[in-house]
file data-v2.pdb (PDB, C-alpha atoms and all ligand atoms)
ATOM      1  CA  MET A   1       0.000   0.000   0.000
ATOM      2  CA  ALA A   2       1.567   3.251  -1.148
ATOM      3  CA  GLU A   3       0.700   5.150   2.038
ATOM      4  CA  SER A   4       2.954   2.981   4.166
ATOM      5  CA  ILE A   5       6.041   3.777   2.077
ATOM      6  CA  ARG A   6       8.340   6.081   4.041
ATOM      7  CA  THR A   7      10.686   7.214   1.256
ATOM      8  CA  HIS A   8       9.542  10.547  -0.131
ATOM      9  CA  ARG A   9       9.090   9.710  -3.765
ATOM     10  CA  LEU A  10       7.291  12.325  -5.849
ATOM     11  CA  GLY A  11       7.373  13.341  -9.480
ATOM     12  CA  LEU A  12       5.789  14.994 -12.466
ATOM     13  CA  PHE A  13       3.899  13.456 -15.390
ATOM     14  CA  GLY A  14       3.696  15.551 -18.553
ATOM     15  CA  HIS A  15       4.855  15.799 -22.161
ATOM     16  CA  PRO A  16       7.341  17.388 -22.460
ATOM     17  CA  VAL A  17       8.728  17.806 -18.922
ATOM     18  CA  LYS A  18      12.465  18.115 -19.582
ATOM     19  CA  HIS A  19      12.657  21.826 -18.749
ATOM     20  CA  SER A  20      10.337  21.691 -15.750
ATOM     21  CA  GLN A  21      11.285  23.775 -12.712
ATOM     22  CA  SER A  22       9.295  21.501 -10.395
ATOM     23  CA  PRO A  23      12.250  19.333  -9.221
ATOM     24  CA  LYS A  24      14.210  22.447  -8.233
ATOM     25  CA  ILE A  25      11.216  24.047  -6.532
ATOM     26  CA  HIS A  26      10.226  20.950  -4.552
ATOM     27  CA  GLN A  27      13.825  20.148  -3.571
ATOM     28  CA  GLY A  28      14.064  23.719  -2.255
ATOM     29  CA  PHE A  29      10.869  23.286  -0.222
ATOM     30  CA  ALA A  30      11.986  19.885   1.096
ATOM     31  CA  ALA A  31      15.315  21.346   2.223
ATOM     32  CA  GLN A  32      13.456  23.872   4.411
ATOM     33  CA  PHE A  33      12.123  20.982   6.503
ATOM     34  CA  GLY A  34      15.044  18.541   6.249
ATOM     35  CA  ILE A  35      12.934  16.215   4.094
ATOM     36  CA  GLU A  36      14.756  13.830   1.762
ATOM     37  CA  LEU A  37      13.023  13.920  -1.580
ATOM     38  CA  ASP A  38      13.326  11.993  -4.796
ATOM     39  CA  TYR A  39      11.412  14.076  -7.410
ATOM     40  CA  GLU A  40      11.342  12.381 -10.831
ATOM     41  CA  LEU A  41      10.260  13.601 -14.265
ATOM     42  CA  MET A  42       8.046  11.235 -16.286
ATOM     43  CA  ASP A  43       7.715  12.223 -19.937
ATOM     44  CA  VAL A  44       4.856  10.079 -21.277
ATOM     45  CA  THR A  45       2.341  10.396 -24.091
ATOM     46  CA  ALA A  46      -1.412  10.190 -23.480
ATOM     47  CA  ALA A  47      -1.360   6.574 -24.724
ATOM     48  CA  GLU A  48       1.418   5.654 -22.279
ATOM     49  CA  LEU A  49      -0.051   7.482 -19.281
ATOM     50  CA  PRO A  50      -2.460   4.854 -17.822
ATOM     51  CA  GLU A  51       0.109   2.069 -17.517
ATOM     52  CA  ALA A  52       3.056   4.275 -16.591
ATOM     53  CA  PHE A  53       1.024   6.122 -13.957
ATOM     54  CA  ALA A  54      -0.453   2.967 -12.366
ATOM     55  CA  LEU A  55       2.969   1.369 -12.018
ATOM     56  CA  TRP A  56       4.732   4.456 -10.693
ATOM     57  CA  ILE A  57       2.107   5.776  -8.280
ATOM     58  CA  SER A  58       1.822   2.423  -6.472
ATOM     59  CA  GLN A  59       5.339   3.072  -5.152
ATOM     60  CA  ALA A  60       5.147   6.817  -4.598
ATOM     61  CA  GLN A  61       3.480   9.288  -2.268
ATOM     62  CA  GLY A  62       2.015  11.400  -4.989
ATOM     63  CA  CYS A  63       2.828  13.439  -8.050
ATOM     64  CA  ASN A  64       2.181  16.561 -10.031
ATOM     65  CA  ILE A  65       0.492  16.463 -13.419
ATOM     66  CA  THR A  66       1.159  18.965 -16.165
ATOM     67  CA  VAL A  67       0.225  19.633 -19.782
ATOM     68  CA  PRO A  68      -1.203  17.723 -21.630
ATOM     69  CA  HIS A  69      -2.373  15.256 -18.953
ATOM     70  CA  LYS A  70      -4.270  17.401 -16.430
ATOM     71  CA  THR A  71      -7.613  16.128 -17.718
ATOM     72  CA  ASN A  72      -6.390  12.731 -19.020
ATOM     73  CA  ILE A  73      -5.418  11.751 -15.492
ATOM     74  CA  MET A  74      -8.906  12.166 -14.023
ATOM     75  CA  PRO A  75     -10.364   8.747 -14.990
ATOM     76  CA  LEU A  76      -7.288   7.083 -13.439
ATOM     77  CA  LEU A  77      -8.079   8.434  -9.946
ATOM     78  CA  ASP A  78     -10.545   7.241  -7.287
ATOM     79  CA  HIS A  79     -11.682  10.730  -6.251
ATOM     80  CA  TYR A  80     -11.037  14.365  -6.933
ATOM     81  CA  THR A  81     -11.647  17.540  -4.974
ATOM     82  CA  GLU A  82     -14.316  20.119  -5.747
ATOM     83  CA  LYS A  83     -11.628  22.460  -7.161
ATOM     84  CA  ALA A  84     -10.399  19.757  -9.539
ATOM     85  CA  HIS A  85     -13.960  18.942 -10.506
ATOM     86  CA  LEU A  86     -14.778  22.588 -11.301
ATOM     87  CA  ALA A  87     -11.494  23.064 -13.140
ATOM     88  CA  GLN A  88     -11.933  19.701 -14.921
ATOM     89  CA  ALA A  89      -8.204  19.340 -14.385
ATOM     90  CA  VAL A  90      -5.854  17.819 -11.799
ATOM     91  CA  ASN A  91      -2.317  19.035 -11.125
ATOM     92  CA  THR A  92      -1.680  17.234  -7.804
ATOM     93  CA  VAL A  93      -2.222  13.556  -6.971
ATOM     94  CA  PHE A  94      -2.067  12.187  -3.423
ATOM     95  CA  TRP A  95      -3.044   9.109  -1.413
ATOM     96  CA  ARG A  96      -5.695   9.211   1.359
ATOM     97  CA  GLU A  97      -6.653   5.981   3.142
ATOM     98  CA  GLY A  98      -5.494   3.851   0.253
ATOM     99  CA  GLN A  99      -7.422   5.852  -2.326
ATOM    100  CA  LEU A 100      -5.972   8.067  -5.025
ATOM    101  CA  TRP A 101      -7.136  11.666  -5.007
ATOM    102  CA  GLY A 102      -6.673  14.507  -7.461
ATOM    103  CA  ASP A 103      -6.633  18.188  -6.536
ATOM    104  CA  ASN A 104      -5.989  21.346  -8.516
ATOM    105  CA  THR A 105      -3.742  23.945  -6.857
ATOM    106  CA  ASP A 106      -3.184  26.117  -9.949
ATOM    107  CA  GLY A 107      -5.984  28.574  -9.192
ATOM    108  CA  ASP A 108      -5.111  28.931  -5.511
ATOM    109  CA  GLY A 109      -1.435  29.238  -6.474
ATOM    110  CA  LEU A 110      -2.402  32.200  -8.636
ATOM    111  CA  ILE A 111      -4.397  33.726  -5.771
ATOM    112  CA  MET A 112      -1.443  33.341  -3.390
ATOM    113  CA  ASP A 113       0.783  35.171  -5.845
ATOM    114  CA  LEU A 114      -1.732  37.924  -6.611
ATOM    115  CA  LYS A 115      -2.140  38.614  -2.886
ATOM    116  CA  THR A 116       1.640  38.748  -2.447
ATOM    117  CA  LYS A 117       1.642  41.366  -5.200
ATOM    118  CA  GLY A 118      -0.974  43.444  -3.401
ATOM    119  CA  MET A 119      -3.974  42.686  -5.612
ATOM    120  CA  LEU A 120      -7.323  43.212  -3.863
ATOM    121  CA  LEU A 121      -9.596  40.574  -5.351
ATOM    122  CA  GLN A 122     -12.775  41.260  -3.384
ATOM    123  CA  GLY A 123     -15.006  43.222  -5.783
ATOM    124  CA  ALA A 124     -12.395  43.247  -8.555
ATOM    125  CA  ARG A 125     -13.351  43.283 -12.217
ATOM    126  CA  VAL A 126     -11.359  40.698 -14.128
ATOM    127  CA  LEU A 127     -10.755  40.136 -17.843
ATOM    128  CA  ILE A 128      -9.278  36.813 -18.938
ATOM    129  CA  ILE A 129      -7.859  36.512 -22.447
ATOM    130  CA  GLY A 130      -8.181  32.891 -23.612
ATOM    131  CA  ALA A 131     -10.749  30.180 -22.926
ATOM    132  CA  GLY A 132      -8.712  26.966 -22.724
ATOM    133  CA  GLY A 133      -7.811  24.691 -19.837
ATOM    134  CA  ALA A 134      -5.674  27.323 -18.110
ATOM    135  CA  THR A 135      -8.653  29.683 -17.868
ATOM    136  CA  GLN A 136     -10.990  26.989 -16.562
ATOM    137  CA  GLY A 137      -8.374  26.119 -13.926
ATOM    138  CA  ILE A 138      -8.269  29.591 -12.376
ATOM    139  CA  ILE A 139     -11.917  30.708 -12.532
ATOM    140  CA  PRO A 140     -13.124  28.751  -9.427
ATOM    141  CA  SER A 141     -10.401  30.272  -7.235
ATOM    142  CA  LEU A 142     -11.012  33.821  -8.503
ATOM    143  CA  LEU A 143     -14.746  33.495  -7.829
ATOM    144  CA  GLU A 144     -14.065  32.145  -4.346
ATOM    145  CA  GLN A 145     -12.146  35.363  -3.608
ATOM    146  CA  GLY A 146     -15.262  37.432  -4.267
ATOM    147  CA  VAL A 147     -14.338  39.055  -7.547
ATOM    148  CA  ASP A 148     -17.204  41.152  -8.858
ATOM    149  CA  GLU A 149     -17.133  39.684 -12.352
ATOM    150  CA  ILE A 150     -14.999  37.762 -14.802
ATOM    151  CA  GLN A 151     -15.219  38.473 -18.511
ATOM    152  CA  ILE A 152     -13.609  36.108 -20.990
ATOM    153  CA  ILE A 153     -12.390  37.120 -24.424
ATOM    154  CA  ASN A 154     -11.231  34.482 -26.897
ATOM    155  CA  ARG A 155     -10.416  33.992 -30.591
ATOM    156  CA  ASN A 156     -13.139  31.351 -30.686
ATOM    157  CA  GLN A 157     -16.018  33.283 -29.142
ATOM    158  CA  GLN A 158     -18.294  30.246 -28.787
ATOM    159  CA  LYS A 159     -15.700  28.596 -26.577
ATOM    160  CA  ALA A 160     -15.650  31.679 -24.333
ATOM    161  CA  GLU A 161     -19.463  31.661 -24.145
ATOM    162  CA  LYS A 162     -19.546  27.968 -23.273
ATOM    163  CA  LEU A 163     -16.942  28.341 -20.545
ATOM    164  CA  ALA A 164     -18.567  31.453 -19.055
ATOM    165  CA  ALA A 165     -21.941  29.676 -18.921
ATOM    166  CA  GLN A 166     -20.502  27.116 -16.481
ATOM    167  CA  PHE A 167     -19.868  29.698 -13.757
ATOM    168  CA  ASP A 168     -21.642  32.486 -11.843
ATOM    169  CA  ARG A 169     -20.454  36.050 -12.418
ATOM    170  CA  CYS A 170     -18.752  35.020 -15.679
ATOM    171  CA  SER A 171     -19.573  36.295 -19.127
ATOM    172  CA  ASN A 172     -18.222  36.489 -22.616
ATOM    173  CA  PHE A 173     -16.578  39.881 -23.218
ATOM    174  CA  GLU A 174     -18.493  41.689 -25.896
ATOM    175  CA  VAL A 175     -18.325  45.452 -25.613
ATOM    176  CA  ALA A 176     -15.592  47.901 -24.768
ATOM    177  CA  THR A 177     -17.954  49.711 -22.368
ATOM    178  CA  ASP A 178     -17.402  46.795 -19.991
ATOM    179  CA  ALA A 179     -13.882  48.113 -19.470
ATOM    180  CA  PRO A 180     -11.675  49.044 -17.648
ATOM    181  CA  PHE A 181     -10.597  46.092 -15.518
ATOM    182  CA  ASP A 182      -8.661  45.824 -12.266
ATOM    183  CA  LEU A 183      -6.946  42.649 -13.431
ATOM    184  CA  ILE A 184      -6.239  41.487 -16.990
ATOM    185  CA  ILE A 185      -5.004  37.894 -17.158
ATOM    186  CA  HIS A 186      -3.389  36.454 -20.272
ATOM    187  CA  ALA A 187      -4.219  32.727 -20.495
ATOM    188  CA  THR A 188      -3.699  31.831 -24.160
ATOM    189  CA  SER A 189      -0.766  29.732 -25.391
ATOM    190  CA  MET A 190       0.274  32.444 -27.901
ATOM    191  CA  GLY A 191       3.326  33.568 -25.934
ATOM    192  CA  HIS A 192       5.006  30.233 -26.661
ATOM    193  CA  GLN A 193       5.046  31.281 -30.335
ATOM    194  CA  GLY A 194       6.302  34.759 -29.435
ATOM    195  CA  LEU A 195       2.827  36.178 -30.132
ATOM    196  CA  CYS A 196       0.429  38.329 -28.161
ATOM    197  CA  PRO A 197      -3.309  38.998 -28.464
ATOM    198  CA  ASP A 198      -4.496  42.449 -29.546
ATOM    199  CA  LEU A 199      -5.027  44.632 -26.483
ATOM    200  CA  ASP A 200      -7.384  47.579 -26.228
ATOM    201  CA  PRO A 201      -6.321  50.674 -24.254
ATOM    202  CA  SER A 202      -9.850  50.962 -22.831
ATOM    203  CA  TRP A 203      -9.275  47.745 -20.829
ATOM    204  CA  PHE A 204      -6.633  49.458 -18.678
ATOM    205  CA  ASP A 205      -6.680  52.323 -16.206
ATOM    206  CA  GLN A 206      -4.093  53.698 -13.787
ATOM    207  CA  ASN A 207      -4.722  50.824 -11.340
ATOM    208  CA  SER A 208      -4.858  47.859 -13.741
ATOM    209  CA  MET A 209      -2.624  44.858 -13.128
ATOM    210  CA  ALA A 210      -1.691  42.686 -16.116
ATOM    211  CA  TYR A 211      -0.694  39.097 -15.340
ATOM    212  CA  ASP A 212       0.522  36.384 -17.713
ATOM    213  CA  LEU A 213      -0.008  32.802 -16.538
ATOM    214  CA  SER A 214       3.179  31.858 -18.418
ATOM    215  CA  TYR A 215       6.585  32.844 -17.165
ATOM    216  CA  GLY A 216       9.950  33.700 -18.665
ATOM    217  CA  ALA A 217      10.210  34.327 -22.406
ATOM    218  CA  ALA A 218       6.650  33.128 -23.138
ATOM    219  CA  ALA A 219       5.219  35.908 -20.969
ATOM    220  CA  GLN A 220       7.267  38.721 -22.487
ATOM    221  CA  PRO A 221       5.153  39.579 -25.590
ATOM    222  CA  PHE A 222       1.998  40.107 -23.502
ATOM    223  CA  LEU A 223       3.719  41.894 -20.626
ATOM    224  CA  PHE A 224       5.481  44.262 -23.006
ATOM    225  CA  ALA A 225       2.254  44.990 -24.921
ATOM    226  CA  ALA A 226       0.267  45.455 -21.697
ATOM    227  CA  GLN A 227       2.784  47.968 -20.400
ATOM    228  CA  GLU A 228       2.682  49.845 -23.710
ATOM    229  CA  THR A 229      -1.128  49.797 -23.747
ATOM    230  CA  GLY A 230      -1.588  51.221 -20.257
ATOM    231  CA  ALA A 231      -1.235  48.604 -17.510
ATOM    232  CA  CYS A 232      -0.070  50.002 -14.192
ATOM    233  CA  VAL A 233       1.926  46.899 -13.236
ATOM    234  CA  VAL A 234       2.733  43.690 -15.130
ATOM    235  CA  TYR A 235       3.769  40.273 -13.801
ATOM    236  CA  ASP A 236       4.571  36.889 -15.243
ATOM    237  CA  GLY A 237       3.324  33.626 -13.727
ATOM    238  CA  LEU A 238       6.506  32.523 -11.959
ATOM    239  CA  GLY A 239       4.941  33.287  -8.588
ATOM    240  CA  MET A 240       1.895  31.201  -9.529
ATOM    241  CA  LEU A 241       4.213  28.304 -10.422
ATOM    242  CA  TYR A 242       5.785  28.493  -6.964
ATOM    243  CA  GLY A 243       2.376  29.012  -5.339
ATOM    244  CA  GLN A 244       0.798  25.915  -6.880
ATOM    245  CA  ALA A 245       3.900  23.928  -5.920
ATOM    246  CA  ALA A 246       3.789  25.165  -2.311
ATOM    247  CA  LEU A 247       0.123  24.145  -2.028
ATOM    248  CA  ALA A 248       0.889  20.698  -3.490
ATOM    249  CA  PHE A 249       3.787  20.308  -1.036
ATOM    250  CA  ASN A 250       1.410  21.147   1.819
ATOM    251  CA  ILE A 251      -1.002  18.428   0.616
ATOM    252  CA  TRP A 252       1.768  15.808   0.684
ATOM    253  CA  PHE A 253       3.618  16.877   3.838
ATOM    254  CA  ALA A 254       1.209  19.136   5.795
ATOM    255  CA  LYS A 255       3.929  21.803   5.768
ATOM    256  CA  LYS A 256       3.807  25.312   4.310
ATOM    257  CA  PRO A 257       7.111  26.207   2.663
ATOM    258  CA  GLU A 258       8.444  29.763   2.415
ATOM    259  CA  ILE A 259       8.501  30.990  -1.180
ATOM    260  CA  THR A 260      11.537  32.734  -2.642
ATOM    261  CA  LEU A 261      11.282  33.244  -6.394
ATOM    262  CA  THR A 262      14.499  32.304  -8.205
TER     263      THR A 262
HETATM  264  P1  LIG B 301      -6.333  24.056 -24.232
HETATM  265  O1  LIG B 301      -5.947  22.710 -24.806
HETATM  266  O2  LIG B 301      -6.150  24.147 -22.780
HETATM  267  O3  LIG B 301      -7.631  24.600 -24.693
HETATM  268  P2  LIG B 301      -4.811  25.571 -26.182
HETATM  269  O4  LIG B 301      -5.440  24.823 -27.287
HETATM  270  O5  LIG B 301      -3.334  25.675 -26.169
HETATM  271  O6  LIG B 301      -5.181  25.036 -24.740
HETATM  272  O7  LIG B 301      -5.445  27.025 -26.210
HETATM  273  C1  LIG B 301      -5.429  27.863 -25.092
HETATM  274  C2  LIG B 301      -5.998  29.191 -25.485
HETATM  275  O8  LIG B 301      -5.069  29.875 -26.350
HETATM  276  C3  LIG B 301      -7.310  29.140 -26.252
HETATM  277  O9  LIG B 301      -8.114  30.170 -25.745
HETATM  278  C4  LIG B 301      -6.903  29.407 -27.679
HETATM  279  O10 LIG B 301      -7.900  30.041 -28.454
HETATM  280  P3  LIG B 301      -9.035  29.172 -29.240
HETATM  281  O11 LIG B 301      -9.974  28.696 -28.172
HETATM  282  O12 LIG B 301      -9.661  30.161 -30.154
HETATM  283  O13 LIG B 301      -8.313  28.054 -29.926
HETATM  284  C5  LIG B 301      -5.782  30.383 -27.456
HETATM  285  N1  LIG B 301      -4.876  30.506 -28.606
HETATM  286  C6  LIG B 301      -3.898  29.639 -28.956
HETATM  287  N2  LIG B 301      -3.249  30.083 -30.062
HETATM  288  C7  LIG B 301      -3.856  31.265 -30.422
HETATM  289  C8  LIG B 301      -3.643  32.228 -31.455
HETATM  290  N3  LIG B 301      -2.673  32.075 -32.378
HETATM  291  N4  LIG B 301      -4.448  33.321 -31.491
HETATM  292  C9  LIG B 301      -5.418  33.487 -30.553
HETATM  293  N5  LIG B 301      -5.665  32.624 -29.547
HETATM  294  C10 LIG B 301      -4.895  31.524 -29.476
END

call {"tool": "encode", "arguments": {"input": "data-v2.pdb", "output": "C-alpha cells"}}
result
Amino acid sequence: MAESIRTHRLGLFGHPVKHSQSPKIHQGFAAQFGIELDYELMDVTAAELPEAFALWISQAQGCNITVPHKTNIMPLLDHYTEKAHLAQAVNTVFWREGQLWGDNTDGDGLIMDLKTKGMLLQGARVLIIGAGGATQGIIPSLLEQGVDEIQIINRNQQKAEKLAAQFDRCSNFEVATDAPFDLIIHATSMGHQGLCPDLDPSWFDQNSMAYDLSYGAAAQPFLFAAQETGACVVYDGLGMLYGQAALAFNIWFAKKPEITLT
C-alpha cells in the first residue's frame, strides 16, 4: 500500500517535462524541513499514461500532473476535490486511506501570488484573455475570492461563451464599455510562439494589473504589450508556479514552505 512507504518519492507526469522547474522548486521546499526527496520527471504520451502512472504511483506518495495530462489523469483516480472537478483538471495527486485523489492547486497558487503582489480581489473586475484549460483552472479560485465579475475574451467566441456559462459572475466579453478592468489575465498559449493577443487601451486604467499565466520568455510579448497599452503593473506567472507547488507540497507533507522566487 503506497501510504505505508516512508521514502519521499514524488514526481511529475507531462509531455514534455524536460525543462520543468518543479524538481528544483520541490527540492528547495523539502530542504526547508530537512525532508529527503526523490522528485522524478516522467515524460509520457497520453497513450502511455495509464500504464506508466499505475505502475509508478503504487510506489510513490504522490505526483504533479502537467500539460497535456491534467484532464487525461482524471479517470485514473478514485476521487477528486471540488476544485479539480470545477477546473476539470488535476495538477496534484495524493493518497488518502489507500485511495488516489486529485486536486488542482493552480488557481489557488495564482491567488497566493496575486495577494503577495498586493492585488485586492474582493469586488475586482477581471478580464481573462483565452478560454482553454488554463482559464478553466483559475476561474473557481477567482470566484471564491469574491471578484465582482470575470469576462472572458477568446479567438473562438463560442468557446468563451460555453466556458462562461458554467460559472456564476462570468460572461463572454463583448463590448468595450465593460472596461476598464482591475486585473487582466493572459491565459492563451500564444506567448510560446512569441505572439500576443491584440489589447485595447480601454481595458486598462491607472490601477490595472496585467498578469501572464506563463513565465519567462513566453510571458514577455503580452507583458510588453500590456505595459505599452496602459497597464499600471505587469507580472509573469513565476509566482503562480511556486504558489501551486507550495500548495501541493502542503497536501503531501502538511507543511507550508516559504517561497523565494528564483
Ligand atoms: P487548451 O488545450 O487548454 O484549450 P490551447 O489549445 O493551447 O489550450 O489554447 C489555449 C488558449 O489559447 C485558447 O483560448 C486558444 O484560443 P481558441 O480557443 O480560439 O483556440 C488560445 N490561442 C492559442 N493560439 C492562439 C492564437 N494564435 N491566437 C489566438 N488565440 C490563441

call {"tool": "closest_residue", "arguments": {"input": "data-v2.pdb", "among": "A:Leu213, A:Ile259, A:Leu121, A:Ala248", "to": "Gly102 in chain A", "atoms": "only C-alpha atoms"}}
result
A:Ala248

call {"tool": "atom_distance", "arguments": {"input": "data-v2.pdb", "atom1": "CA of Ile138 in chain A", "atom2": "CA of Gly62 in chain A"}}
result
22.2 Å

call {"tool": "resolve_selection", "arguments": {"input": "data-v2.pdb", "expression": "the PyMOL selection byres (((not hetatm)) within 10 of (chain B and resi 301))", "output": "VMD selection string"}}
result
chain A and resid 67 to 68 70 to 71 89 128 to 137 152 to 160 186 to 198

call {"tool": "resolve_selection", "arguments": {"input": "data-v2.pdb", "expression": "the PyMOL selection byres (((chain A and resi 44-57) around 10) and not hetatm)", "output": "PyMOL selection string"}}
result
chain A and resi 2+9-11+13-17+41-43+58-63+68-69+72-73+75-77+93-95+100

call {"tool": "write_last_selection", "arguments": {"input": "data-v2.pdb", "atoms": "C-alpha atoms", "output": "compact mmCIF listing (two decimals), keeping the file's coordinate frame"}}
result
# COMPACT_ATOMS: atom_id res chain seq x y z
CA ALA A 2 1.57 3.25 -1.15
CA ARG A 9 9.09 9.71 -3.76
CA LEU A 10 7.29 12.32 -5.85
CA GLY A 11 7.37 13.34 -9.48
CA PHE A 13 3.90 13.46 -15.39
CA GLY A 14 3.70 15.55 -18.55
CA HIS A 15 4.86 15.80 -22.16
CA PRO A 16 7.34 17.39 -22.46
CA VAL A 17 8.73 17.81 -18.92
CA LEU A 41 10.26 13.60 -14.26
CA MET A 42 8.05 11.24 -16.29
CA ASP A 43 7.72 12.22 -19.94
CA SER A 58 1.82 2.42 -6.47
CA GLN A 59 5.34 3.07 -5.15
CA ALA A 60 5.15 6.82 -4.60
CA GLN A 61 3.48 9.29 -2.27
CA GLY A 62 2.02 11.40 -4.99
CA CYS A 63 2.83 13.44 -8.05
CA PRO A 68 -1.20 17.72 -21.63
CA HIS A 69 -2.37 15.26 -18.95
CA ASN A 72 -6.39 12.73 -19.02
CA ILE A 73 -5.42 11.75 -15.49
CA PRO A 75 -10.36 8.75 -14.99
CA LEU A 76 -7.29 7.08 -13.44
CA LEU A 77 -8.08 8.43 -9.95
CA VAL A 93 -2.22 13.56 -6.97
CA PHE A 94 -2.07 12.19 -3.42
CA TRP A 95 -3.04 9.11 -1.41
CA LEU A 100 -5.97 8.07 -5.03

call {"tool": "residues_around", "arguments": {"input": "data-v2.pdb", "residues": "Tyr211 in chain A", "least_positions_apart": "5", "cutoff": "12 Å", "atoms": "all atoms listed in the file", "output": "compact mmCIF listing (two decimals) with C-alpha atoms, keeping the file's coordinate frame"}}
result
# COMPACT_ATOMS: atom_id res chain seq x y z
CA LEU A 110 -2.40 32.20 -8.64
CA ILE A 111 -4.40 33.73 -5.77
CA ASP A 113 0.78 35.17 -5.84
CA LEU A 114 -1.73 37.92 -6.61
CA LYS A 117 1.64 41.37 -5.20
CA MET A 119 -3.97 42.69 -5.61
CA VAL A 126 -11.36 40.70 -14.13
CA LEU A 127 -10.76 40.14 -17.84
CA ILE A 128 -9.28 36.81 -18.94
CA ILE A 129 -7.86 36.51 -22.45
CA ASP A 182 -8.66 45.82 -12.27
CA LEU A 183 -6.95 42.65 -13.43
CA ILE A 184 -6.24 41.49 -16.99
CA ILE A 185 -5.00 37.89 -17.16
CA HIS A 186 -3.39 36.45 -20.27
CA ALA A 187 -4.22 32.73 -20.50
CA THR A 188 -3.70 31.83 -24.16
CA ALA A 219 5.22 35.91 -20.97
CA GLN A 220 7.27 38.72 -22.49
CA PRO A 221 5.15 39.58 -25.59
CA PHE A 222 2.00 40.11 -23.50
CA LEU A 223 3.72 41.89 -20.63
CA PHE A 224 5.48 44.26 -23.01
CA ALA A 225 2.25 44.99 -24.92
CA ALA A 226 0.27 45.46 -21.70
CA GLN A 227 2.78 47.97 -20.40
CA ALA A 231 -1.24 48.60 -17.51
CA CYS A 232 -0.07 50.00 -14.19
CA VAL A 233 1.93 46.90 -13.24
CA VAL A 234 2.73 43.69 -15.13
CA TYR A 235 3.77 40.27 -13.80
CA ASP A 236 4.57 36.89 -15.24
CA GLY A 237 3.32 33.63 -13.73
CA LEU A 238 6.51 32.52 -11.96
CA GLY A 239 4.94 33.29 -8.59
CA MET A 240 1.90 31.20 -9.53

call {"tool": "atom_distance", "arguments": {"input": "data-v2.pdb", "atom1": "CA of Leu12 in chain A", "atom2": "CA of Ile25 in chain A"}}
result
12.1 Å

call {"tool": "closest_residue", "arguments": {"input": "data-v2.pdb", "among": "A:Asp103, A:Asp168, A:Glu97, A:Glu228", "to": "Glu82 in chain A", "atoms": "all atoms listed in the file"}}
result
A:Asp103

call {"tool": "closest_residue", "arguments": {"input": "data-v2.pdb", "among": "A:Asp178, A:Asp108, A:Asp78, A:Asp200", "to": "Ala246 in chain A", "atoms": "only C-alpha atoms"}}
result
A:Asp108

call {"tool": "closest_residue", "arguments": {"input": "data-v2.pdb", "among": "A:Gln244, A:Ser202, A:Thr262, A:Gln88", "to": "Leu163 in chain A", "atoms": "all atoms listed in the file"}}
result
A:Gln88

call {"tool": "atom_distance", "arguments": {"input": "data-v2.pdb", "atom1": "CA of Asp148 in chain A", "atom2": "CA of Phe167 in chain A"}}
result
12.7 Å

call {"tool": "closest_residue", "arguments": {"input": "data-v2.pdb", "among": "A:Pro180, A:Gly123, A:Gly107, A:Pro257", "to": "Ile35 in chain A", "atoms": "only C-alpha atoms"}}
result
A:Pro257

call {"tool": "resolve_selection", "arguments": {"input": "data-v2.pdb", "expression": "the PyMOL selection byres (((chain A and resi 122) around 7) and not hetatm)", "output": "ChimeraX atom specification"}}
result
/A:120-121,123-124,145-147

call {"tool": "decode", "arguments": {"input": "data-v2.pdb", "residues": "range 119-128 of chain A", "atoms": "N, CA, C and O atoms", "output": "PDB file, in the first residue's frame"}}
result
ATOM      1  N   MET A 119      -2.703  42.601  -4.884  1.00  0.00           N
ATOM      2  CA  MET A 119      -3.974  42.686  -5.612  1.00  0.00           C
ATOM      3  C   MET A 119      -5.147  42.465  -4.653  1.00  0.00           C
ATOM      4  O   MET A 119      -5.175  41.477  -3.916  1.00  0.00           O
ATOM      5  N   LEU A 120      -6.111  43.378  -4.675  1.00  0.00           N
ATOM      6  CA  LEU A 120      -7.323  43.212  -3.863  1.00  0.00           C
ATOM      7  C   LEU A 120      -8.389  42.555  -4.740  1.00  0.00           C
ATOM      8  O   LEU A 120      -8.902  43.181  -5.672  1.00  0.00           O
ATOM      9  N   LEU A 121      -8.702  41.320  -4.453  1.00  0.00           N
ATOM     10  CA  LEU A 121      -9.596  40.574  -5.351  1.00  0.00           C
ATOM     11  C   LEU A 121     -11.068  40.764  -5.028  1.00  0.00           C
ATOM     12  O   LEU A 121     -11.918  40.682  -5.922  1.00  0.00           O
ATOM     13  N   GLN A 122     -11.374  41.045  -3.762  1.00  0.00           N
ATOM     14  CA  GLN A 122     -12.775  41.260  -3.384  1.00  0.00           C
ATOM     15  C   GLN A 122     -13.341  42.427  -4.198  1.00  0.00           C
ATOM     16  O   GLN A 122     -12.819  43.541  -4.148  1.00  0.00           O
ATOM     17  N   GLY A 123     -14.371  42.162  -4.990  1.00  0.00           N
ATOM     18  CA  GLY A 123     -15.006  43.222  -5.783  1.00  0.00           C
ATOM     19  C   GLY A 123     -14.273  43.581  -7.068  1.00  0.00           C
ATOM     20  O   GLY A 123     -14.693  44.496  -7.785  1.00  0.00           O
ATOM     21  N   ALA A 124     -13.184  42.885  -7.367  1.00  0.00           N
ATOM     22  CA  ALA A 124     -12.395  43.247  -8.555  1.00  0.00           C
ATOM     23  C   ALA A 124     -13.114  42.847  -9.839  1.00  0.00           C
ATOM     24  O   ALA A 124     -13.880  41.883  -9.874  1.00  0.00           O
ATOM     25  N   ARG A 125     -12.826  43.611 -10.889  1.00  0.00           N
ATOM     26  CA  ARG A 125     -13.351  43.283 -12.217  1.00  0.00           C
ATOM     27  C   ARG A 125     -12.202  42.681 -13.015  1.00  0.00           C
ATOM     28  O   ARG A 125     -11.133  43.279 -13.135  1.00  0.00           O
ATOM     29  N   VAL A 126     -12.448  41.476 -13.539  1.00  0.00           N
ATOM     30  CA  VAL A 126     -11.359  40.698 -14.128  1.00  0.00           C
ATOM     31  C   VAL A 126     -11.661  40.384 -15.598  1.00  0.00           C
ATOM     32  O   VAL A 126     -12.781  39.984 -15.933  1.00  0.00           O
ATOM     33  N   LEU A 127     -10.670  40.574 -16.440  1.00  0.00           N
ATOM     34  CA  LEU A 127     -10.755  40.136 -17.843  1.00  0.00           C
ATOM     35  C   LEU A 127      -9.742  39.014 -18.038  1.00  0.00           C
ATOM     36  O   LEU A 127      -8.570  39.172 -17.666  1.00  0.00           O
ATOM     37  N   ILE A 128     -10.204  37.899 -18.601  1.00  0.00           N
ATOM     38  CA  ILE A 128      -9.278  36.813 -18.938  1.00  0.00           C
ATOM     39  C   ILE A 128      -9.235  36.664 -20.449  1.00  0.00           C
ATOM     40  O   ILE A 128     -10.280  36.538 -21.100  1.00  0.00           O
TER      41      ILE A 128
END
